[in-house]
>>> print(open('model-v9.csv').read())   # CSV, C-alpha atoms
chain,number,residue,atom,x,y,z
A,1,MET,CA,118.3,78.6,124.3
A,2,ILE,CA,116.8,81.0,121.7
A,3,ALA,CA,114.2,78.4,120.7
A,4,LYS,CA,113.1,78.1,124.4
A,5,LEU,CA,112.9,81.9,124.6
A,6,LEU,CA,110.8,82.2,121.5
A,7,GLN,CA,108.5,79.4,122.7
A,8,ALA,CA,108.1,81.1,126.1
A,9,THR,CA,107.1,84.4,124.5
A,10,SER,CA,104.6,82.8,122.1
A,11,ASP,CA,102.9,80.7,124.9
A,12,GLN,CA,99.6,82.2,126.0
A,13,PRO,CA,98.6,82.2,129.7
A,14,LYS,CA,96.4,79.3,130.7
A,15,THR,CA,93.2,81.0,131.3
A,16,GLY,CA,89.6,79.8,131.1
A,17,ASN,CA,88.0,79.0,127.8
A,18,LYS,CA,85.6,82.0,128.1
A,19,THR,CA,88.5,84.4,128.8
A,20,ARG,CA,90.5,83.1,125.9
A,21,PHE,CA,87.6,83.3,123.5
A,22,ILE,CA,86.8,86.9,124.5
A,23,SER,CA,90.5,87.9,124.2
A,24,LYS,CA,90.8,86.3,120.8
A,25,TYR,CA,87.5,87.2,119.1
A,26,ALA,CA,86.2,90.3,120.9
A,27,ILE,CA,87.6,92.6,118.2
A,28,TYR,CA,85.8,90.7,115.4
A,29,VAL,CA,82.5,90.8,117.3
A,30,VAL,CA,82.9,94.6,117.8
A,31,PHE,CA,83.6,95.1,114.1
A,32,VAL,CA,80.6,93.1,113.0
A,33,ALA,CA,78.4,94.8,115.6
A,34,MET,CA,79.6,98.2,114.3
A,35,CYS,CA,78.8,97.3,110.7
A,36,VAL,CA,75.3,96.1,111.7
A,37,VAL,CA,74.6,99.3,113.6
A,38,MET,CA,75.9,101.5,110.9
A,39,SER,CA,73.9,99.7,108.2
A,40,ILE,CA,70.7,100.2,110.2
A,41,LEU,CA,71.4,103.9,110.8
A,42,SER,CA,72.5,104.6,107.2
A,43,PRO,CA,71.3,102.4,104.2
A,44,VAL,CA,74.2,103.7,102.2
A,45,PHE,CA,76.8,102.2,104.4
A,46,LEU,CA,76.7,98.6,103.2
A,47,THR,CA,76.8,99.5,99.5
A,48,VAL,CA,79.9,98.1,97.6
A,49,ALA,CA,80.9,101.6,96.5
A,50,ASN,CA,80.9,102.9,100.1
A,51,LEU,CA,82.8,99.9,101.5
A,52,LEU,CA,85.5,100.3,98.8
A,53,ASN,CA,85.6,104.0,99.6
A,54,VAL,CA,86.2,103.2,103.3
A,55,MET,CA,89.0,100.8,102.5
A,56,THR,CA,90.6,103.2,100.0
A,57,GLN,CA,90.5,106.0,102.6
A,58,MET,CA,92.1,103.8,105.3
A,59,ALA,CA,94.8,102.3,103.0
A,60,SER,CA,97.5,104.8,103.9
A,61,ILE,CA,96.7,104.7,107.7
A,62,GLY,CA,96.5,100.9,107.5
A,63,LEU,CA,100.0,100.8,106.0
A,64,LEU,CA,101.3,103.0,108.8
A,65,ALA,CA,99.5,100.8,111.3
A,66,LEU,CA,101.3,97.7,110.0
A,67,GLY,CA,104.6,99.2,110.8
A,68,VAL,CA,103.5,100.6,114.1
A,69,THR,CA,102.3,97.1,115.1
A,70,ILE,CA,105.7,95.6,114.8
A,71,ILE,CA,107.3,98.5,116.6
A,72,ILE,CA,104.8,98.2,119.5
A,73,ILE,CA,105.4,94.5,119.7
A,74,THR,CA,109.0,95.3,120.4
A,75,ARG,CA,107.8,97.6,123.2
A,76,GLY,CA,108.5,100.7,121.1
A,77,ILE,CA,106.4,103.5,119.7
A,78,ASP,CA,106.5,105.7,116.5
A,79,LEU,CA,105.2,109.2,116.6
A,80,SER,CA,106.9,110.2,113.3
A,81,SER,CA,105.1,108.1,110.7
A,82,GLY,CA,102.8,110.9,109.6
A,83,SER,CA,105.6,113.3,109.1
A,84,VAL,CA,107.8,110.7,107.4
A,85,LEU,CA,104.9,110.2,105.0
A,86,ALA,CA,104.9,114.0,104.3
A,87,VAL,CA,108.6,114.3,103.5
A,88,ALA,CA,108.5,111.2,101.4
A,89,ALA,CA,105.5,112.6,99.6
A,90,VAL,CA,107.0,115.9,98.6
A,91,VAL,CA,110.4,114.5,97.6
A,92,SER,CA,108.7,111.8,95.5
A,93,ALA,CA,106.2,114.2,93.9
A,94,SER,CA,109.1,116.4,92.8
A,95,THR,CA,110.5,113.6,90.7
A,96,ALA,CA,107.1,112.7,89.3
A,97,GLN,CA,106.3,116.0,87.5
A,98,THR,CA,104.8,116.2,84.0
A,99,LEU,CA,107.3,117.7,81.6
A,100,ASP,CA,105.6,121.2,81.3
A,101,TRP,CA,105.1,121.7,85.0
A,102,GLY,CA,108.5,120.1,85.9
A,103,MET,CA,110.4,122.4,83.5
A,104,ARG,CA,109.0,125.4,85.3
A,105,MET,CA,109.9,124.2,88.8
A,106,TYR,CA,113.0,122.2,88.1
A,107,PRO,CA,114.5,123.4,84.7
A,108,ASN,CA,117.2,120.7,84.5
A,109,LEU,CA,114.9,117.8,85.5
A,110,PRO,CA,113.4,115.7,82.6
A,111,GLU,CA,110.2,113.7,82.9
A,112,LEU,CA,111.3,110.6,84.8
A,113,PRO,CA,109.8,107.0,84.6
A,114,VAL,CA,107.4,106.2,87.4
A,115,ILE,CA,109.9,103.8,89.0
A,116,VAL,CA,112.1,106.7,90.1
A,117,PRO,CA,109.5,108.5,92.3
A,118,ILE,CA,108.5,105.1,93.7
A,119,LEU,CA,112.0,104.3,94.7
A,120,VAL,CA,112.5,107.8,96.1
A,121,ALA,CA,109.5,107.5,98.3
A,122,LEU,CA,110.5,104.1,99.6
A,123,GLY,CA,114.1,105.2,100.1
A,124,VAL,CA,113.2,108.4,102.0
A,125,GLY,CA,110.8,106.5,104.3
A,126,ALA,CA,113.3,103.7,105.0
A,127,PHE,CA,116.1,106.3,105.6
A,128,CYS,CA,114.0,108.1,108.2
A,129,GLY,CA,113.2,104.8,109.8
A,130,LEU,CA,116.9,103.9,109.9
A,131,ILE,CA,117.6,107.2,111.8
A,132,ASN,CA,114.9,106.4,114.3
A,133,GLY,CA,116.1,102.8,114.8
A,134,ALA,CA,119.8,103.8,115.1
A,135,LEU,CA,119.0,106.5,117.7
A,136,ILE,CA,117.0,104.1,119.8
A,137,ALA,CA,119.3,101.1,119.4
A,138,TYR,CA,122.7,102.8,119.8
A,139,THR,CA,122.0,105.7,122.2
A,140,GLY,CA,119.3,104.2,124.4
A,141,ILE,CA,117.0,107.2,123.8
A,142,PRO,CA,113.4,106.2,124.6
A,143,PRO,CA,111.4,105.5,121.4
A,144,PHE,CA,108.9,108.2,122.4
A,145,ILE,CA,111.6,110.9,122.4
A,146,ALA,CA,113.5,109.7,119.3
A,147,THR,CA,110.4,109.5,117.1
A,148,LEU,CA,109.0,112.7,118.5
A,149,GLY,CA,112.2,114.4,117.4
A,150,MET,CA,111.9,112.8,114.0
A,151,MET,CA,108.2,113.9,113.7
A,152,ILE,CA,109.3,117.5,114.1
A,153,ILE,CA,112.4,117.3,111.9
A,154,ALA,CA,110.6,115.4,109.1
A,155,ARG,CA,107.7,117.9,109.0
A,156,GLY,CA,110.1,120.8,108.9
A,157,ALA,CA,112.1,119.0,106.1
A,158,ALA,CA,108.9,118.6,104.1
A,159,LEU,CA,108.1,122.3,104.5
A,160,LEU,CA,111.7,123.4,103.6
A,161,TYR,CA,111.9,121.1,100.6
A,162,SER,CA,108.6,122.2,99.1
A,163,ASP,CA,108.9,125.8,100.3
A,164,GLY,CA,105.6,125.2,102.0
A,165,ARG,CA,103.7,124.7,98.8
A,166,PRO,CA,102.1,121.7,97.2
A,167,ILE,CA,103.9,120.0,94.3
A,168,SER,CA,101.2,119.1,91.7
A,169,SER,CA,100.8,118.0,88.1
A,170,LEU,CA,102.0,114.4,88.5
A,171,ILE,CA,102.5,112.0,85.6
A,172,ASP,CA,99.6,109.7,84.8
A,173,SER,CA,101.4,106.5,85.7
A,174,TYR,CA,102.1,107.9,89.2
A,175,GLN,CA,98.5,109.0,89.6
A,176,TRP,CA,97.3,105.4,88.8
A,177,ILE,CA,98.9,104.2,92.1
A,178,GLY,CA,96.2,106.2,94.0
A,179,GLN,CA,93.4,106.4,91.5
A,180,GLY,CA,93.5,103.3,89.3
A,181,SER,CA,91.9,99.9,89.9
A,182,ILE,CA,92.6,96.2,89.3
A,183,ALA,CA,89.6,94.0,88.5
A,184,GLY,CA,87.4,96.7,90.0
A,185,ILE,CA,89.3,96.9,93.2
A,186,PRO,CA,91.1,100.3,93.9
A,187,VAL,CA,94.9,100.0,93.6
A,188,PRO,CA,95.4,101.5,97.2
A,189,VAL,CA,93.3,98.6,98.6
A,190,VAL,CA,95.2,96.0,96.6
A,191,ILE,CA,98.6,97.5,97.8
A,192,PHE,CA,97.4,97.5,101.4
A,193,LEU,CA,96.2,93.9,101.3
A,194,VAL,CA,99.4,92.7,99.6
A,195,MET,CA,101.6,94.5,102.2
A,196,ALA,CA,99.3,93.2,105.0
A,197,LEU,CA,99.8,89.6,103.8
A,198,PHE,CA,103.6,90.2,103.4
A,199,THR,CA,103.8,91.7,106.9
A,200,TYR,CA,101.8,88.8,108.3
A,201,LEU,CA,104.2,86.3,106.8
A,202,LEU,CA,107.2,88.3,107.9
A,203,LEU,CA,106.0,88.5,111.5
A,204,ASN,CA,104.9,84.8,111.8
A,205,TYR,CA,107.2,82.8,109.6
A,206,THR,CA,110.6,84.5,109.6
A,207,ARG,CA,113.4,85.0,112.1
A,208,PHE,CA,112.7,88.8,112.0
A,209,GLY,CA,109.2,88.3,113.3
A,210,LYS,CA,110.1,85.8,115.9
A,211,TYR,CA,112.9,88.0,117.2
A,212,ALA,CA,110.6,91.0,117.3
A,213,TYR,CA,108.2,89.1,119.6
A,214,ALA,CA,111.2,87.9,121.7
A,215,ILE,CA,112.5,91.4,122.2
A,216,GLY,CA,109.1,92.7,123.2
A,217,GLY,CA,108.6,89.9,125.6
A,218,ASN,CA,111.9,90.3,127.4
A,219,GLU,CA,114.6,92.3,125.8
A,220,THR,CA,117.3,91.3,128.4
A,221,ALA,CA,116.5,87.6,127.9
A,222,ALA,CA,116.6,88.0,124.2
A,223,TYR,CA,120.0,89.6,124.4
A,224,VAL,CA,121.4,86.9,126.7
A,225,SER,CA,120.0,84.3,124.3
A,226,GLY,CA,122.2,85.6,121.5
A,227,ILE,CA,119.7,87.7,119.6
A,228,ASN,CA,121.3,90.8,118.0
A,229,VAL,CA,118.8,93.2,119.7
A,230,THR,CA,120.4,96.3,118.2
A,231,LYS,CA,120.2,95.0,114.6
A,232,TYR,CA,116.6,93.9,114.8
A,233,LYS,CA,115.4,97.0,116.6
A,234,ILE,CA,116.9,99.0,113.7
A,235,LEU,CA,115.3,96.7,111.1
A,236,VAL,CA,111.9,97.1,112.7
A,237,TYR,CA,112.0,100.9,112.4
A,238,VAL,CA,113.4,100.7,108.8
A,239,TYR,CA,110.5,98.5,107.8
A,240,ALA,CA,108.0,100.9,109.4
A,241,GLY,CA,109.6,103.8,107.4
A,242,PHE,CA,109.4,101.7,104.3
A,243,LEU,CA,105.7,101.3,104.8
A,244,ALA,CA,105.3,105.0,105.4
A,245,GLY,CA,107.0,105.6,102.0
A,246,ILE,CA,104.4,103.3,100.4
A,247,ALA,CA,101.6,105.2,102.2
A,248,ALA,CA,103.1,108.5,100.8
A,249,LEU,CA,102.9,107.1,97.3
A,250,ILE,CA,99.2,106.2,97.7
A,251,LEU,CA,98.1,109.4,99.3
A,252,THR,CA,100.1,111.7,96.9
A,253,ALA,CA,98.8,109.8,93.9
A,254,ARG,CA,95.2,110.0,95.1
A,255,ILE,CA,95.2,113.8,95.4
A,256,ASN,CA,97.6,114.4,92.5
A,257,SER,CA,99.8,116.5,94.8
A,258,GLY,CA,102.6,116.2,97.2
A,259,GLN,CA,101.9,118.5,100.1
A,260,PRO,CA,104.0,119.1,103.2
A,261,GLY,CA,100.9,119.0,105.4
A,262,LEU,CA,100.0,115.4,104.4
A,263,GLY,CA,99.8,112.8,107.1
A,264,ASN,CA,99.1,115.2,109.9
A,265,MET,CA,98.0,113.2,113.0
A,266,TYR,CA,98.1,110.0,110.9
A,267,GLU,CA,100.5,108.5,113.4
A,268,LEU,CA,97.9,108.7,116.1
A,269,ASP,CA,95.3,107.1,113.9
A,270,ALA,CA,97.8,104.3,113.1
A,271,ILE,CA,98.6,103.8,116.8
A,272,ALA,CA,94.9,103.8,117.5
A,273,ALA,CA,94.2,101.1,114.8
A,274,ALA,CA,97.0,98.9,116.2
A,275,THR,CA,95.8,99.4,119.8
A,276,VAL,CA,92.2,98.7,119.0
A,277,GLY,CA,93.4,95.6,117.1
A,278,GLY,CA,94.8,94.1,120.3
A,279,VAL,CA,98.5,95.0,120.0
A,280,SER,CA,99.7,95.4,123.6
A,281,HIS,CA,101.9,98.3,124.6
A,282,ALA,CA,103.5,96.0,127.2
A,283,GLY,CA,105.2,94.4,124.3
A,284,GLY,CA,105.4,90.9,122.8
A,285,ILE,CA,101.7,90.6,122.0
A,286,GLY,CA,99.9,91.6,118.7
A,287,THR,CA,98.8,90.3,115.4
A,288,ILE,CA,98.6,91.7,111.9
A,289,GLN,CA,95.0,90.4,111.4
A,290,GLY,CA,94.0,92.2,114.6
A,291,THR,CA,95.6,95.4,113.2
A,292,ILE,CA,93.7,95.1,109.9
A,293,VAL,CA,90.4,94.7,111.8
A,294,GLY,CA,91.4,97.6,114.1
A,295,THR,CA,92.1,99.8,111.0
A,296,MET,CA,88.7,98.8,109.5
A,297,ILE,CA,87.0,99.7,112.8
A,298,MET,CA,88.5,103.1,112.8
A,299,GLY,CA,87.5,103.5,109.1
A,300,VAL,CA,83.9,102.3,109.7
A,301,LEU,CA,83.7,104.6,112.7
A,302,GLN,CA,84.8,107.7,110.7
A,303,ASN,CA,82.7,106.8,107.6
A,304,GLY,CA,79.6,106.1,109.7
A,305,LEU,CA,79.9,109.4,111.6
A,306,ASP,CA,80.4,111.2,108.2
A,307,LEU,CA,77.2,109.5,106.8
A,308,LEU,CA,75.3,110.6,110.0
A,309,ASN,CA,76.6,114.2,109.6
A,310,VAL,CA,78.3,114.2,112.9
A,311,SER,CA,80.6,117.2,113.4
A,312,ALA,CA,84.3,116.6,112.7
A,313,TYR,CA,85.0,118.0,116.2
A,314,TRP,CA,82.9,115.3,117.8
A,315,GLN,CA,84.6,112.7,115.6
A,316,GLN,CA,87.9,113.6,117.2
A,317,VAL,CA,86.4,113.2,120.7
A,318,VAL,CA,85.0,109.8,119.8
A,319,LYS,CA,88.3,108.6,118.3
A,320,GLY,CA,90.1,109.7,121.5
A,321,LEU,CA,87.6,107.8,123.7
A,322,VAL,CA,88.0,104.7,121.5
A,323,ILE,CA,91.8,104.8,122.1
A,324,VAL,CA,91.4,105.2,125.8
A,325,VAL,CA,88.9,102.4,126.1
A,326,ALA,CA,91.1,100.1,124.0
A,327,VAL,CA,94.1,100.7,126.3
A,328,ILE,CA,92.0,100.1,129.4
A,329,PHE,CA,90.8,96.8,128.0
A,330,ASP,CA,94.3,95.8,127.2
A,331,MET,CA,95.5,96.6,130.7
A,332,LYS,CA,92.7,94.6,132.3
A,333,ARG,CA,93.5,91.7,129.9
A,334,GLN,CA,97.2,91.8,130.9
A,335,LYS,CA,96.3,91.8,134.6
A,336,LYS,CA,94.0,88.7,134.2
A,337,SER,CA,96.7,86.9,132.3
A,338,LYS,CA,99.2,87.2,135.2
>>> encode(input="model-v9.csv", output="C-alpha cells")
Amino acid sequence: MIAKLLQATSDQPKTGNKTRFISKYAIYVVFVAMCVVMSILSPVFLTVANLLNVMTQMASIGLLALGVTIIIITRGIDLSSGSVLAVAAVVSASTAQTLDWGMRMYPNLPELPVIVPILVALGVGAFCGLINGALIAYTGIPPFIATLGMMIIARGAALLYSDGRPISSLIDSYQWIGQGSIAGIPVPVVIFLVMALFTYLLLNYTRFGKYAYAIGGNETAAYVSGINVTKYKILVYVYAGFLAGIAALILTARINSGQPGLGNMYELDAIAAATVGGVSHAGGIGTIQGTIVGTMIMGVLQNGLDLLNVSAYWQQVVKGLVIVVAVIFDMKRQKKSK
C-alpha cells in the first residue's frame, strides 16, 4: 500500500506537452535570460571572479534553502533558520578562539582543535531543528507558529550567549572553512555543492525522501499506509537545523567573527530561493535542482543590482516582488494540473 501511495504522489498530472515543458524548464530559461541581461548591462558580471563571488555569497543561504525545500515539500515552513544560524555561529565561535583571545574571554578554555567548533555548530543546529520538529509533530502546533517561536528564542539565545557582542579572533583552521579554496574553488562553494548533491540523493533515492513527498502529498493517506509521520516530520526539521549549522560555520569563518545578528532575514531569502525554484507550498512537489537554480537566481539578482548601483532599499522591493510572482505562478500551475 505504501508503494502505491508513493507512486501516486510522484505521478505528474497528464497535461499537454507545452504545459509540461514550461512547468519543468521555465526556471532554467529565466536563469539563463537573467544572466544574459546582466552580462549586457554590466561587463563585469560574467567574469570568473564575479561568478565565484556570487556563489560564495549565496552558499549559506543555499544551504538553508536545501533544508527549507524538504520542509515545504512536507507542507511545512521554517521561519527560524536564520536565527538558528546565529545561535550556532556564536556558540561555535566561542570554541574556536585563538589562545590569546580565548584566555581573555574564557580563562579556563584551551585552544581546541577545529573539529570541536564544527561539531558544536552542527549539534546546536540539529538540536534546534529537533525542538521544531518535536513541537510540530507531537503537539500539532502549525509549523508557522512553532518556527516563529524558535526564531525569536534562538535570536534571543544568541544575544544572551554572546552578551550582544561579536566573538572574534578565530583559529586559522576554522577561518579556512569560509576563506580557503580547493583547486581554485572557494570552500563555501564546494561545501554547498557537496551538500546539495547529498540532499538530492537523500530526497530521491532514500526512504526518507520518498516519505517526505508522501507526507506532503497526503499526510492522512501516508499515516494510514503505515508511514511513521511523526518520526519523519521530526527528521525533516532536524536535517534542516543541521544544514543551518553548516551555514553558520561558513558565514562565521568568512567574516572571522561569530555575531548574534548573523543570518537576519536569511530565512526569507531561503524560502524565496526554494519558492522561485518551483517548490510548491501546497506540499509534495519540489526538487533540489530547482532550489539550486532558485538560489542562483536570487544571487544573480542581488549581484546584478549591486553592480548597477541600485539602492539596497529598492533591492528589498524587487526581492519581495519576485517572491510574490513566484507564488502566483505556482498557484496557477497547481490549478492547471487539477
>>> residues_around(input="model-v9.csv", residues="A:Ser280", least_positions_apart="6", cutoff="12 Å", atoms="only C-alpha atoms", output="PDB file with C-alpha atoms, in the frame of the given file")
ATOM      1  CA  SER A  23      90.500  87.900 124.200  1.00  0.00           C
ATOM      2  CA  VAL A  68     103.500 100.600 114.100  1.00  0.00           C
ATOM      3  CA  THR A  69     102.300  97.100 115.100  1.00  0.00           C
ATOM      4  CA  ILE A  70     105.700  95.600 114.800  1.00  0.00           C
ATOM      5  CA  ILE A  71     107.300  98.500 116.600  1.00  0.00           C
ATOM      6  CA  ILE A  72     104.800  98.200 119.500  1.00  0.00           C
ATOM      7  CA  ILE A  73     105.400  94.500 119.700  1.00  0.00           C
ATOM      8  CA  THR A  74     109.000  95.300 120.400  1.00  0.00           C
ATOM      9  CA  ARG A  75     107.800  97.600 123.200  1.00  0.00           C
ATOM     10  CA  GLY A  76     108.500 100.700 121.100  1.00  0.00           C
ATOM     11  CA  ILE A  77     106.400 103.500 119.700  1.00  0.00           C
ATOM     12  CA  TYR A 213     108.200  89.100 119.600  1.00  0.00           C
ATOM     13  CA  GLY A 216     109.100  92.700 123.200  1.00  0.00           C
ATOM     14  CA  GLY A 217     108.600  89.900 125.600  1.00  0.00           C
ATOM     15  CA  ILE A 271      98.600 103.800 116.800  1.00  0.00           C
ATOM     16  CA  ALA A 272      94.900 103.800 117.500  1.00  0.00           C
ATOM     17  CA  ALA A 273      94.200 101.100 114.800  1.00  0.00           C
ATOM     18  CA  ALA A 274      97.000  98.900 116.200  1.00  0.00           C
ATOM     19  CA  GLY A 286      99.900  91.600 118.700  1.00  0.00           C
ATOM     20  CA  THR A 287      98.800  90.300 115.400  1.00  0.00           C
ATOM     21  CA  GLY A 290      94.000  92.200 114.600  1.00  0.00           C
ATOM     22  CA  THR A 291      95.600  95.400 113.200  1.00  0.00           C
ATOM     23  CA  ALA A 326      91.100 100.100 124.000  1.00  0.00           C
ATOM     24  CA  VAL A 327      94.100 100.700 126.300  1.00  0.00           C
ATOM     25  CA  ILE A 328      92.000 100.100 129.400  1.00  0.00           C
ATOM     26  CA  PHE A 329      90.800  96.800 128.000  1.00  0.00           C
ATOM     27  CA  ASP A 330      94.300  95.800 127.200  1.00  0.00           C
ATOM     28  CA  MET A 331      95.500  96.600 130.700  1.00  0.00           C
ATOM     29  CA  LYS A 332      92.700  94.600 132.300  1.00  0.00           C
ATOM     30  CA  ARG A 333      93.500  91.700 129.900  1.00  0.00           C
ATOM     31  CA  GLN A 334      97.200  91.800 130.900  1.00  0.00           C
TER      32      GLN A 334
END
>>> atom_distance(input="model-v9.csv", atom1="atom CA of A:Leu268", atom2="atom CA of A:Leu79")
7.3 Å
>>> residues_around(input="model-v9.csv", residues="A:Asn218", least_positions_apart="2", cutoff="10 Å", atoms="all atoms listed in the file", output="ChimeraX atom specification")
/A:5,9,74-75,213-216,220-223,283-284
>>> atom_distance(input="model-v9.csv", atom1="atom CA of A:Tyr313", atom2="atom CA of A:Pro260")
23.0 Å
>>> closest_residue(input="model-v9.csv", among="A:Ile234, A:Met195, A:Val87, A:Ile141", to="A:Tyr161", atoms="all atoms listed in the file")
A:Val87
>>> residues_near_point(input="model-v9.csv", point="(98.8, 109.5, 89.7)", cutoff="10 Å", atoms="only C-alpha atoms", output="ChimeraX atom specification")
/A:93,96,114,169-180,249-257
>>> atom_distance(input="model-v9.csv", atom1="atom CA of A:Ala33", atom2="atom CA of A:Glu267")
26.1 Å
>>> residues_around(input="model-v9.csv", residues="A:Tyr237", least_positions_apart="6", cutoff="7 Å", atoms="all atoms listed in the file", output="count of residues only")
5
>>> residues_around(input="model-v9.csv", residues="stretch 53-67 of chain A", least_positions_apart="5", cutoff="6 Å", atoms="only C-alpha atoms", output="PDB file with C-alpha atoms, keeping the file's coordinate frame")
ATOM      1  CA  PRO A 188      95.400 101.500  97.200  1.00  0.00           C
ATOM      2  CA  VAL A 189      93.300  98.600  98.600  1.00  0.00           C
ATOM      3  CA  PHE A 192      97.400  97.500 101.400  1.00  0.00           C
ATOM      4  CA  ALA A 240     108.000 100.900 109.400  1.00  0.00           C
ATOM      5  CA  LEU A 243     105.700 101.300 104.800  1.00  0.00           C
ATOM      6  CA  ALA A 244     105.300 105.000 105.400  1.00  0.00           C
ATOM      7  CA  ALA A 247     101.600 105.200 102.200  1.00  0.00           C
ATOM      8  CA  ALA A 270      97.800 104.300 113.100  1.00  0.00           C
ATOM      9  CA  ALA A 274      97.000  98.900 116.200  1.00  0.00           C
ATOM     10  CA  THR A 295      92.100  99.800 111.000  1.00  0.00           C
ATOM     11  CA  GLY A 299      87.500 103.500 109.100  1.00  0.00           C
TER      12      GLY A 299
END
>>> closest_residue(input="model-v9.csv", among="A:Ser42, A:Gln289, A:Asn50, A:Asn264", to="A:Leu193", atoms="all atoms listed in the file")
A:Gln289
>>> closest_residue(input="model-v9.csv", among="A:Val236, A:Ile40, A:Gln315, A:Asp163", to="A:Asn303", atoms="all atoms listed in the file")
A:Gln315
>>> closest_residue(input="model-v9.csv", among="A:Val293, A:Leu305, A:Ala126, A:Met34", to="A:Val317", atoms="all atoms listed in the file")
A:Leu305
>>> closest_residue(input="model-v9.csv", among="A:Met296, A:Ala196, A:Ile227, A:Val30", to="A:Leu52", atoms="only C-alpha atoms")
A:Met296
>>> closest_residue(input="model-v9.csv", among="A:Val37, A:Ile145, A:Leu197, A:Ile167", to="A:Leu308", atoms="all atoms listed in the file")
A:Val37
>>> residues_near_point(input="model-v9.csv", point="(107.3, 106.8, 107.8)", cutoff="7 Å", atoms="only C-alpha atoms", output="PDB file with C-alpha atoms, keeping the file's coordinate frame")
ATOM      1  CA  SER A  80     106.900 110.200 113.300  1.00  0.00           C
ATOM      2  CA  SER A  81     105.100 108.100 110.700  1.00  0.00           C
ATOM      3  CA  GLY A  82     102.800 110.900 109.600  1.00  0.00           C
ATOM      4  CA  SER A  83     105.600 113.300 109.100  1.00  0.00           C
ATOM      5  CA  VAL A  84     107.800 110.700 107.400  1.00  0.00           C
ATOM      6  CA  LEU A  85     104.900 110.200 105.000  1.00  0.00           C
ATOM      7  CA  GLY A 125     110.800 106.500 104.300  1.00  0.00           C
ATOM      8  CA  CYS A 128     114.000 108.100 108.200  1.00  0.00           C
ATOM      9  CA  GLY A 129     113.200 104.800 109.800  1.00  0.00           C
ATOM     10  CA  ALA A 240     108.000 100.900 109.400  1.00  0.00           C
ATOM     11  CA  GLY A 241     109.600 103.800 107.400  1.00  0.00           C
ATOM     12  CA  PHE A 242     109.400 101.700 104.300  1.00  0.00           C
ATOM     13  CA  LEU A 243     105.700 101.300 104.800  1.00  0.00           C
ATOM     14  CA  ALA A 244     105.300 105.000 105.400  1.00  0.00           C
ATOM     15  CA  GLY A 245     107.000 105.600 102.000  1.00  0.00           C
TER      16      GLY A 245
END
>>> build_atoms(input="model-v9.csv", residues="stretch 109-120 of chain A", atoms="N, CA, C and O atoms", output="mmCIF file, in the coordinates of the input")
data_model
loop_
_atom_site.group_PDB
_atom_site.id
_atom_site.type_symbol
_atom_site.label_atom_id
_atom_site.label_comp_id
_atom_site.auth_asym_id
_atom_site.auth_seq_id
_atom_site.Cartn_x
_atom_site.Cartn_y
_atom_site.Cartn_z
ATOM 1 N N LEU A 109 115.438 119.113 85.196
ATOM 2 C CA LEU A 109 114.900 117.800 85.500
ATOM 3 C C LEU A 109 113.977 117.299 84.411
ATOM 4 O O LEU A 109 112.914 117.890 84.199
ATOM 5 N N PRO A 110 114.316 116.247 83.669
ATOM 6 C CA PRO A 110 113.400 115.700 82.600
ATOM 7 C C PRO A 110 112.284 114.918 83.255
ATOM 8 O O PRO A 110 112.294 114.633 84.451
ATOM 9 N N GLU A 111 111.281 114.567 82.439
ATOM 10 C CA GLU A 111 110.200 113.700 82.900
ATOM 11 C C GLU A 111 110.764 112.317 83.146
ATOM 12 O O GLU A 111 111.263 111.674 82.230
ATOM 13 N N LEU A 112 110.647 111.834 84.374
ATOM 14 C CA LEU A 112 111.300 110.600 84.800
ATOM 15 C C LEU A 112 110.263 109.432 84.741
ATOM 16 O O LEU A 112 109.068 109.654 84.936
ATOM 17 N N PRO A 113 110.720 108.197 84.519
ATOM 18 C CA PRO A 113 109.800 107.000 84.600
ATOM 19 C C PRO A 113 109.276 106.881 86.009
ATOM 20 O O PRO A 113 109.922 107.277 86.991
ATOM 21 N N VAL A 114 108.112 106.263 86.133
ATOM 22 C CA VAL A 114 107.400 106.200 87.400
ATOM 23 C C VAL A 114 108.208 105.431 88.470
ATOM 24 O O VAL A 114 108.047 105.664 89.676
ATOM 25 N N ILE A 115 109.090 104.537 88.051
ATOM 26 C CA ILE A 115 109.900 103.800 89.000
ATOM 27 C C ILE A 115 110.754 104.664 89.867
ATOM 28 O O ILE A 115 111.051 104.353 91.031
ATOM 29 N N VAL A 116 111.171 105.811 89.311
ATOM 30 C CA VAL A 116 112.100 106.700 90.100
ATOM 31 C C VAL A 116 111.358 107.314 91.273
ATOM 32 O O VAL A 116 111.879 107.206 92.396
ATOM 33 N N PRO A 117 110.200 107.967 91.106
ATOM 34 C CA PRO A 117 109.500 108.500 92.300
ATOM 35 C C PRO A 117 109.111 107.402 93.291
ATOM 36 O O PRO A 117 109.073 107.642 94.496
ATOM 37 N N ILE A 118 108.815 106.211 92.779
ATOM 38 C CA ILE A 118 108.500 105.100 93.700
ATOM 39 C C ILE A 118 109.661 104.758 94.572
ATOM 40 O O ILE A 118 109.543 104.665 95.800
ATOM 41 N N LEU A 119 110.832 104.591 93.944
ATOM 42 C CA LEU A 119 112.000 104.300 94.700
ATOM 43 C C LEU A 119 112.433 105.388 95.646
ATOM 44 O O LEU A 119 112.919 105.151 96.757
ATOM 45 N N VAL A 120 112.209 106.619 95.212
ATOM 46 C CA VAL A 120 112.500 107.800 96.100
ATOM 47 C C VAL A 120 111.680 107.775 97.321
ATOM 48 O O VAL A 120 112.187 107.955 98.435
#
